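See below for input.txt, which holds compact mmCIF, C-alpha atoms and all ligand atoms.
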# COMPACT_ATOMS: atom_id res chain seq x y z
CA MET A 18 10.67 -47.87 8.11
CA PRO A 19 9.91 -44.22 8.83
CA LYS A 20 12.05 -42.51 11.45
CA TYR A 21 9.13 -40.48 12.78
CA LYS A 22 5.73 -41.55 14.10
CA ARG A 23 3.95 -38.21 13.93
CA ILE A 24 4.95 -35.05 12.11
CA VAL A 25 3.69 -31.58 11.37
CA LEU A 26 4.35 -30.48 7.82
CA LYS A 27 4.34 -26.74 7.28
CA LEU A 28 3.52 -25.68 3.72
CA SER A 29 3.95 -22.02 2.90
CA GLY A 30 1.28 -20.29 0.86
CA GLU A 31 3.92 -19.57 -1.74
CA ALA A 32 4.36 -23.30 -2.29
CA MET A 33 0.68 -23.54 -3.27
CA ALA A 34 0.95 -20.85 -5.91
CA GLY A 35 3.66 -22.44 -8.03
CA ASP A 36 5.19 -20.01 -10.51
CA LYS A 37 2.19 -17.69 -10.34
CA SER A 38 3.27 -16.55 -6.83
CA GLN A 39 -0.36 -15.51 -6.15
CA GLY A 40 -3.46 -17.67 -5.74
CA ILE A 41 -3.57 -21.42 -6.19
CA ASP A 42 -2.07 -23.64 -8.87
CA MET A 43 -3.89 -26.97 -8.60
CA LYS A 44 -1.18 -28.76 -10.60
CA VAL A 45 1.33 -27.77 -7.94
CA ILE A 46 -1.04 -28.72 -5.13
CA ASP A 47 -1.55 -32.13 -6.74
CA LYS A 48 2.22 -32.63 -6.76
CA ILE A 49 2.44 -31.69 -3.09
CA ALA A 50 -0.50 -33.98 -2.29
CA ALA A 51 1.23 -36.88 -4.06
CA GLN A 52 4.27 -36.32 -1.82
CA VAL A 53 2.04 -36.20 1.26
CA LYS A 54 0.38 -39.45 0.17
CA LYS A 55 3.79 -41.11 0.02
CA ILE A 56 4.62 -40.24 3.62
CA HIS A 57 1.10 -41.13 4.70
CA ASP A 58 1.51 -44.53 3.00
CA LEU A 59 4.72 -45.00 5.00
CA GLY A 60 2.51 -44.87 8.08
CA VAL A 61 3.63 -41.44 9.30
CA GLU A 62 0.81 -39.66 11.15
CA THR A 63 0.67 -36.34 9.33
CA GLY A 64 -0.70 -32.98 10.41
CA ILE A 65 -0.32 -30.15 7.92
CA VAL A 66 -0.25 -26.45 8.74
CA VAL A 67 -0.91 -24.35 5.66
CA GLY A 68 0.25 -20.79 5.15
CA GLY A 69 -1.64 -18.10 3.31
CA GLY A 70 0.93 -15.76 1.82
CA ASN A 71 -0.24 -16.64 -1.70
CA PHE A 72 -3.48 -14.78 -0.89
CA TRP A 73 -2.70 -12.22 1.75
CA ARG A 74 0.01 -11.19 4.19
CA GLY A 75 -1.33 -9.12 7.04
CA ARG A 76 1.71 -6.93 7.54
CA ASP A 77 1.98 -5.96 3.84
CA ALA A 78 -1.30 -4.02 3.76
CA LYS A 79 -0.30 -0.53 4.80
CA THR A 80 -3.74 1.10 4.77
CA ILE A 81 -5.72 -1.64 6.53
CA ASP A 82 -5.83 -2.00 10.29
CA ARG A 83 -3.26 -4.69 11.12
CA ALA A 84 -5.58 -7.01 13.06
CA THR A 85 -8.21 -6.84 10.29
CA SER A 86 -5.55 -7.50 7.68
CA ASP A 87 -4.26 -10.48 9.67
CA TYR A 88 -7.76 -11.97 9.83
CA MET A 89 -7.88 -11.66 6.04
CA GLY A 90 -4.60 -13.57 5.91
CA MET A 91 -6.00 -16.30 8.13
CA LEU A 92 -9.00 -16.69 5.80
CA GLY A 93 -6.56 -17.24 2.92
CA THR A 94 -5.08 -20.24 4.73
CA VAL A 95 -8.53 -21.84 4.83
CA MET A 96 -8.78 -21.68 1.03
CA ASN A 97 -5.40 -23.39 0.74
CA ALA A 98 -6.49 -26.05 3.22
CA LEU A 99 -9.64 -26.83 1.22
CA ALA A 100 -7.70 -27.04 -2.06
CA LEU A 101 -5.18 -29.42 -0.49
CA GLN A 102 -7.98 -31.49 1.03
CA ASP A 103 -9.66 -31.84 -2.33
CA SER A 104 -6.45 -32.95 -3.97
CA LEU A 105 -5.60 -35.47 -1.23
CA GLU A 106 -9.08 -36.97 -1.19
CA LYS A 107 -8.95 -37.50 -4.95
CA MET A 108 -5.90 -39.65 -4.17
CA ASP A 109 -7.93 -41.60 -1.60
CA VAL A 110 -6.22 -40.07 1.41
CA VAL A 111 -8.79 -39.44 4.14
CA THR A 112 -8.43 -35.93 5.54
CA ARG A 113 -10.00 -33.50 7.96
CA VAL A 114 -9.62 -29.75 7.81
CA GLN A 115 -9.68 -27.99 11.16
CA THR A 116 -9.83 -24.22 11.56
CA ALA A 117 -8.65 -22.10 14.46
CA ILE A 118 -11.47 -19.66 13.62
CA GLU A 119 -14.84 -21.33 13.82
CA MET A 120 -16.69 -21.76 10.52
CA LYS A 121 -18.62 -24.96 11.07
CA GLU A 122 -20.12 -25.12 7.59
CA VAL A 123 -16.67 -25.16 6.05
CA ALA A 124 -14.52 -27.24 8.37
CA GLU A 125 -14.24 -28.66 11.87
CA PRO A 126 -13.17 -26.30 14.63
CA TYR A 127 -9.71 -27.00 15.98
CA ILE A 128 -10.08 -29.45 18.87
CA ARG A 129 -6.79 -30.89 20.02
CA ARG A 130 -8.06 -34.27 21.19
CA ARG A 131 -10.11 -34.69 18.06
CA ALA A 132 -7.11 -33.89 15.88
CA ILE A 133 -5.06 -36.53 17.72
CA ARG A 134 -7.86 -39.08 17.26
CA HIS A 135 -7.96 -38.38 13.51
CA LEU A 136 -4.21 -38.87 13.28
CA GLU A 137 -4.42 -42.15 15.22
CA LYS A 138 -7.04 -43.33 12.74
CA GLY A 139 -4.73 -42.57 9.85
CA ARG A 140 -6.41 -39.38 8.67
CA VAL A 141 -4.34 -36.44 7.51
CA VAL A 142 -5.33 -33.37 9.53
CA ILE A 143 -4.98 -30.01 7.82
CA PHE A 144 -4.78 -27.16 10.32
CA SER A 145 -5.94 -23.82 8.95
CA ALA A 146 -6.44 -20.24 10.14
CA GLY A 147 -3.07 -20.24 11.91
CA VAL A 148 -3.39 -19.94 15.67
CA GLY A 149 -6.61 -17.96 15.20
CA ASN A 150 -5.17 -14.65 16.42
CA PRO A 151 -3.71 -11.67 14.60
CA PHE A 152 -0.01 -10.76 14.99
CA PHE A 153 1.01 -14.40 14.68
CA SER A 154 2.23 -16.48 11.74
CA THR A 155 1.47 -19.90 10.40
CA ASP A 156 5.04 -20.89 11.33
CA THR A 157 4.07 -20.22 14.93
CA ALA A 158 0.90 -22.26 14.34
CA ALA A 159 3.09 -25.15 13.12
CA ALA A 160 5.24 -24.95 16.25
CA LEU A 161 2.17 -24.72 18.50
CA ARG A 162 0.27 -27.59 16.86
CA ALA A 163 3.42 -29.75 16.87
CA ALA A 164 3.80 -29.17 20.62
CA GLU A 165 0.09 -29.80 21.23
CA ILE A 166 -0.17 -33.05 19.28
CA ASP A 167 3.24 -34.25 20.50
CA ALA A 168 4.80 -34.43 17.04
CA ASP A 169 8.31 -35.87 16.68
CA LEU A 170 9.24 -33.45 13.92
CA ILE A 171 8.27 -30.32 12.06
CA LEU A 172 9.00 -30.47 8.34
CA LEU A 173 9.23 -26.94 7.02
CA ALA A 174 8.75 -27.21 3.26
CA LYS A 175 9.98 -24.16 1.36
CA LYS A 176 9.68 -23.07 -2.23
CA GLY A 177 12.77 -21.75 -3.99
CA VAL A 178 15.21 -22.85 -1.29
CA ASP A 179 16.22 -26.31 -0.05
CA GLY A 180 17.50 -25.61 3.45
CA ILE A 181 18.90 -22.86 5.65
CA TYR A 182 21.68 -20.74 4.17
CA ASP A 183 23.91 -18.06 5.70
CA SER A 184 22.47 -15.60 3.16
CA ASP A 185 19.77 -15.72 0.48
CA PRO A 186 21.01 -18.26 -2.12
CA ASN A 187 18.75 -16.71 -4.75
CA ILE A 188 20.69 -13.44 -4.39
CA ASN A 189 24.13 -14.53 -3.19
CA LYS A 190 25.47 -17.36 -5.40
CA SER A 191 28.18 -18.22 -2.83
CA ALA A 192 25.69 -18.56 0.04
CA LYS A 193 26.58 -21.51 2.29
CA LYS A 194 23.99 -24.12 3.28
CA TYR A 195 23.96 -25.37 6.86
CA GLU A 196 23.60 -29.10 7.37
CA SER A 197 22.54 -28.65 10.97
CA LEU A 198 21.97 -25.77 13.37
CA SER A 199 20.52 -25.07 16.78
CA TYR A 200 17.51 -22.85 17.40
CA GLN A 201 19.76 -20.57 19.45
CA GLU A 202 22.03 -20.13 16.40
CA ILE A 203 19.03 -19.20 14.26
CA LEU A 204 18.11 -16.52 16.78
CA ASN A 205 21.70 -15.32 17.30
CA LYS A 206 22.52 -15.15 13.60
CA GLY A 207 19.14 -13.59 12.81
CA LEU A 208 18.49 -16.18 10.08
CA LYS A 209 15.15 -15.48 8.48
CA ILE A 210 13.86 -19.02 8.20
CA MET A 211 11.05 -18.64 10.74
CA ASP A 212 9.96 -15.71 12.86
CA ALA A 213 11.38 -15.42 16.37
CA THR A 214 8.11 -16.44 18.07
CA ALA A 215 7.97 -19.71 16.14
CA THR A 216 11.69 -20.35 16.67
CA SER A 217 11.43 -19.77 20.43
CA LEU A 218 8.38 -22.01 20.73
CA CYS A 219 10.21 -24.86 18.97
CA MET A 220 13.31 -24.29 21.09
CA ASP A 221 11.42 -24.17 24.40
CA ASN A 222 9.58 -27.39 23.57
CA ASN A 223 12.55 -29.25 22.07
CA ILE A 224 10.81 -29.95 18.76
CA PRO A 225 13.25 -30.96 16.02
CA LEU A 226 12.77 -29.29 12.64
CA ILE A 227 13.97 -30.10 9.16
CA VAL A 228 13.88 -27.45 6.46
CA ILE A 229 13.41 -28.99 3.02
CA GLY A 230 12.81 -27.73 -0.50
CA ILE A 231 9.46 -28.45 -2.10
CA ASP A 232 10.75 -28.09 -5.66
CA GLU A 233 12.71 -31.35 -5.77
CA GLU A 234 11.07 -34.79 -5.80
CA ASP A 235 10.61 -36.85 -2.65
CA THR A 236 12.19 -34.50 -0.14
CA MET A 237 9.36 -35.13 2.36
CA TYR A 238 9.65 -38.88 1.87
CA LYS A 239 13.42 -38.88 2.31
CA ALA A 240 13.21 -36.69 5.41
CA CYS A 241 10.68 -39.08 6.97
CA LEU A 242 13.05 -41.98 6.33
CA GLY A 243 15.82 -40.08 8.09
CA GLU A 244 17.80 -39.13 4.98
CA VAL A 245 19.11 -35.60 5.29
CA THR A 246 18.39 -33.44 2.27
CA GLY A 247 17.89 -30.02 3.82
CA THR A 248 18.92 -28.49 7.15
CA VAL A 249 18.27 -30.13 10.51
CA VAL A 250 17.53 -27.84 13.45
CA LYS A 251 17.66 -29.14 17.02
N1 LIG B 1 -1.98 -14.94 10.24
C1 LIG B 1 -2.35 -14.47 11.50
N2 LIG B 1 -2.31 -15.32 12.57
C2 LIG B 1 -1.87 -16.60 12.46
C3 LIG B 1 -1.47 -17.06 11.19
C4 LIG B 1 -1.53 -16.23 10.11
O1 LIG B 1 -2.74 -13.32 11.64
O2 LIG B 1 -1.87 -17.32 13.47
C5 LIG B 1 -2.14 -14.07 9.05
C6 LIG B 1 -1.00 -13.08 8.87
O3 LIG B 1 -1.55 -11.90 8.36
C7 LIG B 1 -0.15 -13.76 7.80
C8 LIG B 1 -1.18 -14.44 6.95
O4 LIG B 1 -2.19 -14.86 7.88
O5 LIG B 1 0.61 -12.82 7.07
C9 LIG B 1 -0.69 -15.61 6.15
O6 LIG B 1 0.09 -16.47 6.95
P1 LIG B 1 1.68 -16.61 6.76
O7 LIG B 1 2.27 -15.29 6.38
O8 LIG B 1 2.23 -17.26 7.98
O9 LIG B 1 1.72 -17.60 5.54
P2 LIG B 1 2.97 -18.14 4.70
O10 LIG B 1 4.06 -17.10 4.76
O11 LIG B 1 3.40 -19.41 5.34
O12 LIG B 1 2.43 -18.36 3.35

How would this structure read if it were set down as structure tokens?
Amino acid sequence: MPKYKRIVLKLSGEAMAGDKSQGIDMKVIDKIAAQVKKIHDLGVETGIVVGGGNFWRGRDAKTIDRATSDYMGMLGTVMNALALQDSLEKMDVVTRVQTAIEMKEVAEPYIRRRAIRHLEKGRVVIFSAGVGNPFFSTDTAAALRAAEIDADLILLAKKGVDGIYDSDPNINKSAKKYESLSYQEILNKGLKIMDATATSLCMDNNIPLIVIGIDEEDTMYKACLGEVTGTVVK
């Protein structure tokens, strides 16, 4: 039996790129989709917020106006959403992509009540274009959508790391992994797992979060069953 009824899964853009770090690797997306199918088959209502860092990160473009650059980043998330949709539908998982920036020919606009209805009917809803505004992140979009759809959990799936550490485990070999933390501790210690806006939104709305690695098998599945593999944040 799953421990959670409804979750928001946040997939970073990096996770979609596999080893290429840029663009999309469909083999990797298929692997992610297979994991999503497993939690969907458990009966967990699943909303997915996709990142876009594999295409564009607004703040990294030094010569482009920040807001314009952020809109470019948001468009990247839509490409990821469509790729993930394609992969999931090939596995017979019914999905809907919703976008926070209207583009009716491509996907549904984000409508909260409609998203909830899709979830109730067992469809996976993929939320793209972040919150639809520049100067925000897709982590903040995950926190916002989770609060809006009344999700029991945010699963933050990361590539290259399997939880929250006191320093970067890819640089510091003696970095210590936390089993559980509070949002306040994340803010106080300045841990760079999510930006402060997303962290505060989760904290203010009491949304539990589990940070898991995407590289190992079945981390999403185990997390949904209540087995701790990564770091739990409350
Ligand atoms: N972005 C934005 N508003 C949002 C979400 C995203 O402006 O609500 C832009 C921002 O430029 C960001 C880019 O889209 O750098 C990609 O999103 P993000 O960096 O959150 O993706 P991830 O790091 O998860 O791949």

Determine, using all atoms listed in the file, which residues of range 127-151 of chain A have any atom at most 7 Å from an atom of range 61-76 of chain A, and tabulate each with its shortest atom pair and distance in Å to one decimal place, rows ordered by chain and then rising number, as a tab-separated table.
residue	atom	partner	partner_atom	distance
A:Leu136	CA	A:Glu62	CA	5.5
A:Gly139	CA	A:Glu62	CA	6.4
A:Val141	CA	A:Thr63	CA	5.3
A:Val142	CA	A:Gly64	CA	4.7
A:Ile143	CA	A:Ile65	CA	4.7
A:Phe144	CA	A:Val66	CA	4.8
A:Ser145	CA	A:Val67	CA	6.0

- Looking at all atoms listed in the file, which of A:Lys190, A:Lys209, A:Arg23, A:His135 is the one that sits closest to ligand LIG 1 (chain B)?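 Among the listed residues, the smallest separation from ligand LIG 1 (chain B) belongs to A:Lys209.
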
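One distance worth recording is that between CA of Ala32 in chain A and CA of Arg130 in chain A, which is 28.7 Å.
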
- For the point (-0.9, -17.0, 10.1) in the file's frame, write as a PyMOL selection string all residues with an atom no more than 6 Å away, counting only C-alpha atoms. chain A and resi 91+147+153-155

- Query: Out of A:Met237, A:Ala213, A:Leu170, A:Ala146, which residue has the shortest atom-to-atom distance to Val250 in chain A when counting all atoms listed in the file?
  - Reply: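 Of the candidates, the smallest distance to Val250 in chain A is held by A:Leu170.
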
- Could you check how far CA of Tyr200 in chain A sits from CA of Val228 in chain A, in Å to one decimal? 12.4 Å

- Would you kindly return, as number ranges by chain, each protein, DNA or RNA residue with an atom no farther than 8 Å from any atom of Tyr238 in chain A, considering only C-alpha atoms and excluding same-chain residues fewer than 5 positions away? A: 52, 55-56

Around ligand LIG 1 (chain B), fit a box with edges along x, y and z, padding it by 5 Å on each side, then list its centre and edge lengths in Å to one decimal as JSON.
{"center_x": 0.7, "center_y": -15.7, "center_z": 8.4, "size_x": 16.8, "size_y": 17.5, "size_z": 20.1}

- Item | Distance criterion (all atoms listed in the file): nearest to ligand LIG 1 (chain B) out of A:Asp58, A:Asp156, A:Asp103, A:Glu119 |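 Nearest candidate to ligand LIG 1 (chain B) out of A:Asp58, A:Asp156, A:Asp103, A:Glu119: A:Asp156.
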
- Task: State, in Å with one decimal place, the distance from atom C7 of ligand LIG 1 (chain B) to CA of Thr94 in chain A.
- Result: 8.7 Å

- Query: Using only C-alpha atoms, which of A:Glu244, A:Asp42, A:Asp87, A:Asp47 sits nearest Val148 in chain A?
  - Reply: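 Looking only at the distances to Val148 in chain A, the closest residue turns out to be A:Asp87.
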
- Among listed residues A:Val45, A:Leu99, A:Val111, A:Ile118, nearest ligand LIG 1 (chain B) (using only C-alpha atoms and all ligand atoms):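 Of A:Val45, A:Leu99, A:Val111, A:Ile118, the one nearest ligand LIG 1 (chain B) is A:Ile118, counting only C-alpha atoms and all ligand atoms.
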
- For ligand LIG 1 (chain B), which of A:Cys241, A:Ile166, A:Ala100, A:Ala117 is the closest residue, counting all atoms listed in the file?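 With all atoms listed in the file as the atom set, the closest residue is A:Ala117.
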
- Item | Non-local contacts of Ile49 in chain A (9 Å; all atoms listed in the file; under 3 positions in same chain excluded) as JSON, numbers by chain | {"A": [32, 33, 44, 45, 46, 52, 53, 54, 101, 231]}
